[in-house]
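Asker: Structure file target13.tsv, TSV, C-alpha atoms, is pasted below:
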chain	number	residue	atom	x	y	z
E	1	MET	CA	-18.22	-26.00	2.90
E	2	SER	CA	-17.61	-29.11	0.88
E	3	LEU	CA	-20.12	-30.29	-1.70
E	4	VAL	CA	-21.22	-33.12	0.60
E	5	GLU	CA	-21.92	-30.61	3.38
E	6	LEU	CA	-23.87	-28.32	1.06
E	7	ILE	CA	-26.09	-31.19	-0.10
E	8	GLY	CA	-26.60	-32.23	3.51
E	9	GLN	CA	-27.89	-28.77	4.44
E	10	ALA	CA	-29.93	-28.01	1.32
E	11	ASP	CA	-33.71	-27.71	1.39
E	12	GLU	CA	-36.10	-29.47	-0.98
E	13	ARG	CA	-35.95	-26.79	-3.67
E	14	GLY	CA	-32.16	-26.60	-3.50
E	15	LEU	CA	-31.84	-30.36	-3.75
E	16	ALA	CA	-34.21	-30.58	-6.71
E	17	ALA	CA	-32.32	-27.78	-8.46
E	18	SER	CA	-28.99	-29.46	-7.75
E	19	GLY	CA	-30.08	-32.80	-9.21
E	20	LEU	CA	-31.81	-31.13	-12.15
E	21	ALA	CA	-28.74	-28.98	-12.89
E	22	CYS	CA	-26.49	-32.05	-12.94
E	23	LEU	CA	-28.86	-33.75	-15.37
E	24	ASP	CA	-29.19	-30.57	-17.46
E	25	ARG	CA	-25.43	-30.27	-17.97
E	26	CYS	CA	-25.24	-33.88	-19.15
E	27	ILE	CA	-28.24	-33.76	-21.53
E	28	PRO	CA	-26.02	-33.42	-24.65
E	29	LEU	CA	-25.08	-37.08	-24.22
E	30	LEU	CA	-28.72	-38.03	-24.81
E	31	GLY	CA	-29.07	-35.73	-27.80
E	32	GLY	CA	-31.54	-33.54	-25.93
E	33	ASP	CA	-32.07	-29.94	-26.94
E	34	ASP	CA	-31.32	-27.05	-24.61
E	35	GLU	CA	-34.96	-26.51	-23.66
E	36	VAL	CA	-36.00	-30.08	-22.85
E	37	LEU	CA	-35.72	-29.66	-19.08
E	38	ARG	CA	-37.09	-26.11	-18.97
E	39	PRO	CA	-40.56	-27.19	-17.71
E	40	LEU	CA	-38.95	-28.84	-14.69
E	41	TRP	CA	-36.89	-25.72	-13.97
E	42	ALA	CA	-40.04	-23.60	-14.24
E	43	GLY	CA	-41.79	-25.83	-11.73
E	44	LEU	CA	-39.13	-25.14	-9.10
E	45	ALA	CA	-40.00	-21.44	-9.02
E	46	ASP	CA	-43.10	-21.88	-6.85
E	47	ASP	CA	-44.51	-24.45	-4.45
E	48	ALA	CA	-47.44	-25.19	-6.78
E	49	GLY	CA	-44.96	-26.67	-9.25
E	50	ALA	CA	-44.23	-29.53	-6.88
E	51	ALA	CA	-47.59	-31.10	-7.71
E	52	GLU	CA	-46.82	-31.02	-11.44
E	53	TRP	CA	-43.24	-32.27	-11.13
E	54	GLY	CA	-44.09	-35.92	-11.81
E	55	GLU	CA	-46.18	-35.16	-14.90
E	56	ARG	CA	-43.51	-32.87	-16.33
E	57	LEU	CA	-40.85	-35.47	-15.58
E	58	GLU	CA	-42.72	-38.12	-17.56
E	59	GLN	CA	-43.05	-35.72	-20.49
E	60	VAL	CA	-39.28	-35.17	-20.46
E	61	ARG	CA	-38.64	-38.90	-20.39
E	62	GLY	CA	-40.98	-39.32	-23.35
E	63	LYS	CA	-39.17	-36.64	-25.37
E	64	LEU	CA	-35.74	-38.11	-24.73
E	65	GLY	CA	-36.87	-41.66	-25.52
E	66	GLY	CA	-34.80	-44.76	-24.91
E	67	GLU	CA	-34.96	-47.33	-22.16
E	68	PHE	CA	-34.48	-45.93	-18.70
E	69	GLY	CA	-33.10	-48.77	-16.65
E	70	THR	CA	-33.01	-48.54	-12.91
E	71	GLY	CA	-30.23	-49.42	-10.54
E	72	ASP	CA	-27.15	-47.84	-9.06
E	73	PHE	CA	-25.96	-45.07	-11.33
E	74	SER	CA	-23.35	-43.63	-9.01
E	75	GLY	CA	-21.03	-46.63	-8.88
E	76	SER	CA	-18.07	-47.46	-11.02
E	77	GLY	CA	-19.95	-49.47	-13.65
E	78	SER	CA	-18.72	-52.60	-15.34
E	79	GLY	CA	-15.76	-50.94	-17.01
E	80	SER	CA	-16.74	-52.42	-20.35
E	81	GLY	CA	-17.34	-50.33	-23.45
E	82	SER	CA	-16.10	-46.85	-24.13
E	83	GLY	CA	-16.08	-44.02	-21.64
E	84	GLU	CA	-18.77	-42.26	-23.62
E	85	ASP	CA	-20.99	-45.37	-23.60
E	86	GLU	CA	-20.72	-45.52	-19.82
E	87	ALA	CA	-21.38	-41.78	-19.59
E	88	VAL	CA	-24.59	-42.11	-21.65
E	89	LEU	CA	-25.75	-44.94	-19.40
E	90	LEU	CA	-25.12	-42.80	-16.32
E	91	VAL	CA	-27.20	-39.93	-17.74
E	92	ARG	CA	-30.08	-42.28	-18.59
E	93	ARG	CA	-30.02	-43.63	-15.05
E	94	MET	CA	-29.98	-40.10	-13.63
E	95	LEU	CA	-33.20	-39.39	-15.51
E	96	ALA	CA	-34.72	-42.77	-14.64
E	97	ALA	CA	-34.03	-42.30	-10.92
E	98	ALA	CA	-35.62	-38.85	-10.67
E	99	PRO	CA	-38.40	-39.15	-8.09
E	100	VAL	CA	-41.93	-38.70	-9.40
E	101	GLU	CA	-42.89	-37.09	-6.09
E	102	ARG	CA	-40.81	-34.04	-5.24
E	103	SER	CA	-40.42	-34.75	-1.54
E	104	ALA	CA	-37.37	-33.67	0.46
E	105	ALA	CA	-36.31	-37.26	1.20
E	106	GLY	CA	-36.69	-38.38	-2.41
E	107	VAL	CA	-34.86	-35.47	-3.98
E	108	ARG	CA	-32.05	-35.60	-1.40
E	109	GLU	CA	-31.09	-39.13	-2.40
E	110	TRP	CA	-31.46	-38.25	-6.10
E	111	ALA	CA	-29.44	-35.03	-5.84
E	112	ASP	CA	-26.62	-36.81	-4.04
E	113	ALA	CA	-26.47	-39.61	-6.61
E	114	CYS	CA	-26.72	-37.14	-9.52
E	115	SER	CA	-23.78	-35.22	-8.06
E	116	VAL	CA	-21.63	-38.35	-8.08
E	117	ALA	CA	-22.83	-39.43	-11.53
E	118	ALA	CA	-22.21	-36.00	-13.12
E	119	LEU	CA	-18.67	-35.88	-11.75
E	120	ARG	CA	-18.06	-39.42	-13.02
E	121	ILE	CA	-19.36	-38.43	-16.46
E	122	HIS	CA	-17.01	-35.47	-16.64
E	123	ARG	CA	-14.16	-37.65	-15.46
E	124	LEU	CA	-14.90	-40.23	-18.16
E	125	LEU	CA	-14.98	-37.58	-20.89
E	126	ASP	CA	-12.05	-35.44	-19.72
E	127	PRO	CA	-9.10	-35.89	-22.09
E	128	LEU	CA	-6.79	-35.23	-19.13
E	129	LYS	CA	-6.61	-37.79	-16.34
E	130	ASP	CA	-7.98	-36.90	-12.93
E	131	ALA	CA	-5.39	-37.89	-10.33
E	132	GLY	CA	-7.87	-38.63	-7.58
E	133	ASP	CA	-8.90	-42.14	-6.57
E	134	SER	CA	-12.61	-41.33	-6.58
E	135	VAL	CA	-15.10	-38.54	-7.09
E	136	ASP	CA	-16.15	-38.98	-3.45
E	137	ALA	CA	-12.85	-37.42	-2.37
E	138	ARG	CA	-13.57	-34.44	-4.64
E	139	ARG	CA	-17.01	-34.00	-3.14
E	140	GLU	CA	-15.50	-34.02	0.35
E	141	GLY	CA	-13.10	-31.21	-0.53
E	142	ARG	CA	-9.91	-33.06	-1.51
E	143	THR	CA	-9.18	-31.34	-4.80
E	144	GLU	CA	-5.47	-31.93	-5.44
E	145	GLY	CA	-4.67	-33.00	-8.99
E	146	MET	CA	-8.17	-32.51	-10.38
E	147	SER	CA	-8.51	-32.55	-14.15
E	148	PRO	CA	-10.00	-29.35	-15.66
E	149	LEU	CA	-13.37	-30.78	-16.67
E	150	VAL	CA	-13.95	-32.40	-13.28
E	151	ALA	CA	-12.83	-29.25	-11.44
E	152	ALA	CA	-15.26	-27.11	-13.45
E	153	GLU	CA	-18.15	-29.49	-12.80
E	154	LEU	CA	-17.39	-29.53	-9.06
E	155	ARG	CA	-17.39	-25.72	-9.00
E	156	ARG	CA	-20.73	-25.58	-10.80
E	157	GLN	CA	-22.35	-28.04	-8.40
E	158	ILE	CA	-21.15	-26.00	-5.42
E	159	THR	CA	-22.27	-22.72	-7.02
E	160	VAL	CA	-25.80	-24.00	-7.72
E	161	LEU	CA	-26.26	-25.12	-4.12
E	162	GLU	CA	-24.84	-21.86	-2.75
E	163	LEU	CA	-27.15	-19.81	-4.98
E	164	LEU	CA	-30.25	-21.66	-3.82
E	165	ALA	CA	-29.17	-21.60	-0.17
E	166	GLY	CA	-28.44	-17.88	-0.29
E	167	HIS	CA	-31.27	-16.61	-2.46
E	168	GLY	CA	-34.09	-19.20	-2.43
E	169	PRO	CA	-36.31	-19.09	-5.54
E	170	ALA	CA	-34.42	-16.00	-6.76
E	171	GLY	CA	-31.33	-18.21	-7.08
E	172	LEU	CA	-32.96	-20.37	-9.76
E	173	ARG	CA	-32.21	-18.08	-12.71
E	174	PRO	CA	-28.47	-17.72	-12.00
E	175	ALA	CA	-28.33	-21.44	-11.21
E	176	LEU	CA	-29.84	-22.18	-14.61
E	177	GLU	CA	-27.26	-19.88	-16.21
E	178	VAL	CA	-24.45	-21.79	-14.49
E	179	SER	CA	-25.91	-25.05	-15.73
E	180	THR	CA	-26.35	-23.72	-19.27
E	181	GLU	CA	-22.66	-22.79	-19.37
E	182	GLY	CA	-21.72	-26.30	-18.24
E	183	ARG	CA	-23.99	-27.87	-20.85
E	184	ARG	CA	-22.26	-25.90	-23.60
E	185	VAL	CA	-18.86	-27.05	-22.35
E	186	LEU	CA	-19.90	-30.71	-22.31
E	187	ARG	CA	-21.56	-30.41	-25.71
E	188	ALA	CA	-18.25	-29.11	-27.10
E	189	VAL	CA	-16.35	-31.99	-25.49
E	190	VAL	CA	-18.73	-34.55	-26.97
E	191	SER	CA	-18.45	-32.87	-30.38
E	192	ARG	CA	-14.64	-32.96	-30.30
E	193	ARG	CA	-14.65	-36.64	-29.35
E	194	SER	CA	-17.02	-37.36	-32.23
E	195	ARG	CA	-14.80	-35.53	-34.71
E	196	ARG	CA	-11.74	-37.43	-33.53
E	197	ARG	CA	-13.53	-40.74	-34.07
E	198	GLY	CA	-14.75	-39.61	-37.48
Would you kindly transcribe this structure into structure tokens?

Answerer:
Amino acid sequence: MSLVELIGQADERGLAASGLACLDRCIPLLGGDDEVLRPLWAGLADDAGAAEWGERLEQVRGKLGGEFGTGDFSGSGSGSGSGEDEAVLLVRRMLAAAPVERSAAGVREWADACSVAALRIHRLLDPLKDAGDSVDARREGRTEGMSPLVAAELRRQITVLELLAGHGPAGLRPALEVSTEGRRVLRAVVSRRSRRRG
């Protein structure tokens, strides 16, 4: 199935994990440490965690600081500033848009938008050009000419959703491992870009 189809069929836990994983992989752009989202991951393991989701989310926002503007974070942006500036803005909006109430409807919209934003972030930071017109085509299964960073992010998004669909709560640990790998990759990309500028 395509990524769009997987998101369409995912349950509330799978959707929350998908959105959280996208955010987790992009956290290096906000200077967040590797454990900052761990309380939210822990809350996905059981249904009782749904009630504490909003409180834990606010704690994460407080730790990461900054102004979390609202608005469309899945669009193309203004095109002004550097790619990394736009990428940082997209991550901040991903965090800002996370629903305080972990309902199926709320997390579905968030997970879908996070999917688009994470692919856009990887496209902005990939030193090799992605030949596709839009990330929407990638999400629908049209993968010709994908740049390596975008291709890897697409695979991770699909894998997380498949793990949760196939294994339920037991899929959370391997999903977190997939996300951790992606976070390390993006952290290395950001570090290389910083060294080139320096």

Asker: Residues of segment 7-96 of chain E that approach segment 124-132 of chain E to 10 Å or less, counting only C-alpha atoms: could you list each one with the shortest pair of atoms and its distance in Å to one decimal, rows by chain and increasing residue number, as a tab-separated table?

Answerer:
residue	atom	partner	partner_atom	distance
E:Ser82	CA	E:Leu124	CA	9.0
E:Gly83	CA	E:Leu124	CA	5.3
E:Glu84	CA	E:Leu125	CA	6.6
E:Asp85	CA	E:Leu124	CA	9.6
E:Glu86	CA	E:Leu124	CA	8.0
E:Ala87	CA	E:Leu124	CA	6.8

Asker: Can you tell me which residues surround segment 17-28 of chain E at a distance of at most 9 Å, considering all atoms listed in the file, apart from same-chain residues fewer than 6 positions away, and format the answer as an NGL selection string?

Answerer: :E and (7 or 34 or 36-37 or 40-41 or 44 or 87-88 or 91 or 94-95 or 98 or 107-108 or 110-115 or 117-119 or 121-122 or 153 or 156-158 or 160-161 or 164 or 172 or 175-176 or 178-187 or 190)

Asker: Which distance in Å separates atom CA of Met146 of chain E and atom CA of Ser194 of chain E, to one decimal?

Answerer: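 Pair atom CA of Met146 of chain E / atom CA of Ser194 of chain E returns 24.1 Å.
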
Asker: Using all atoms listed in the file, pick whichever of E:Val100, E:Ala151, E:Leu90, E:Ala105 has the shortest atom-to-atom distance to Glu52 of chain E.

Answerer: E:Val100

Asker: Here is a test: counting only C-alpha atoms, which residue of E:Asp136, E:Asp33, E:Glu109, E:Asp11 is nearest to Pro169 of chain E?

Answerer: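 Using only C-alpha atoms, Pro169 of chain E sits closest to E:Asp11.
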
Asker: State, in Å with one decimal place, the distance from atom CA of Ala50 of chain E to atom CA of Gly31 of chain E.

Answerer: 26.6 Å

Asker: Could you check how far atom CA of Gly8 of chain E sits from atom CA of Glu101 of chain E, in Å to one decimal?

Answerer: 19.5 Å

Asker: Looking at E:Leu149, E:Ala165, E:Val116, E:Val135, which one is nearest to Val189 of chain E, with distances taken over all atoms listed in the file?

Answerer: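 Of E:Leu149, E:Ala165, E:Val116, E:Val135, the one nearest Val189 of chain E is E:Leu149, counting all atoms listed in the file.
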
Asker: Point out the residue among E:Ala152, E:Leu163, E:Ala137, E:Leu29 with the least atom-to-atom distance to Ser191 of chain E, counting all atoms listed in the file.

Answerer: E:Leu29

Asker: Which of these, E:Arg195, E:Arg61, E:Arg13, E:Arg155, has the shortest distance to His167 of chain E once you count all atoms listed in the file?

Answerer: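 Checking each of E:Arg195, E:Arg61, E:Arg13, E:Arg155 against His167 of chain E, counting all atoms listed in the file, the winner is E:Arg13.
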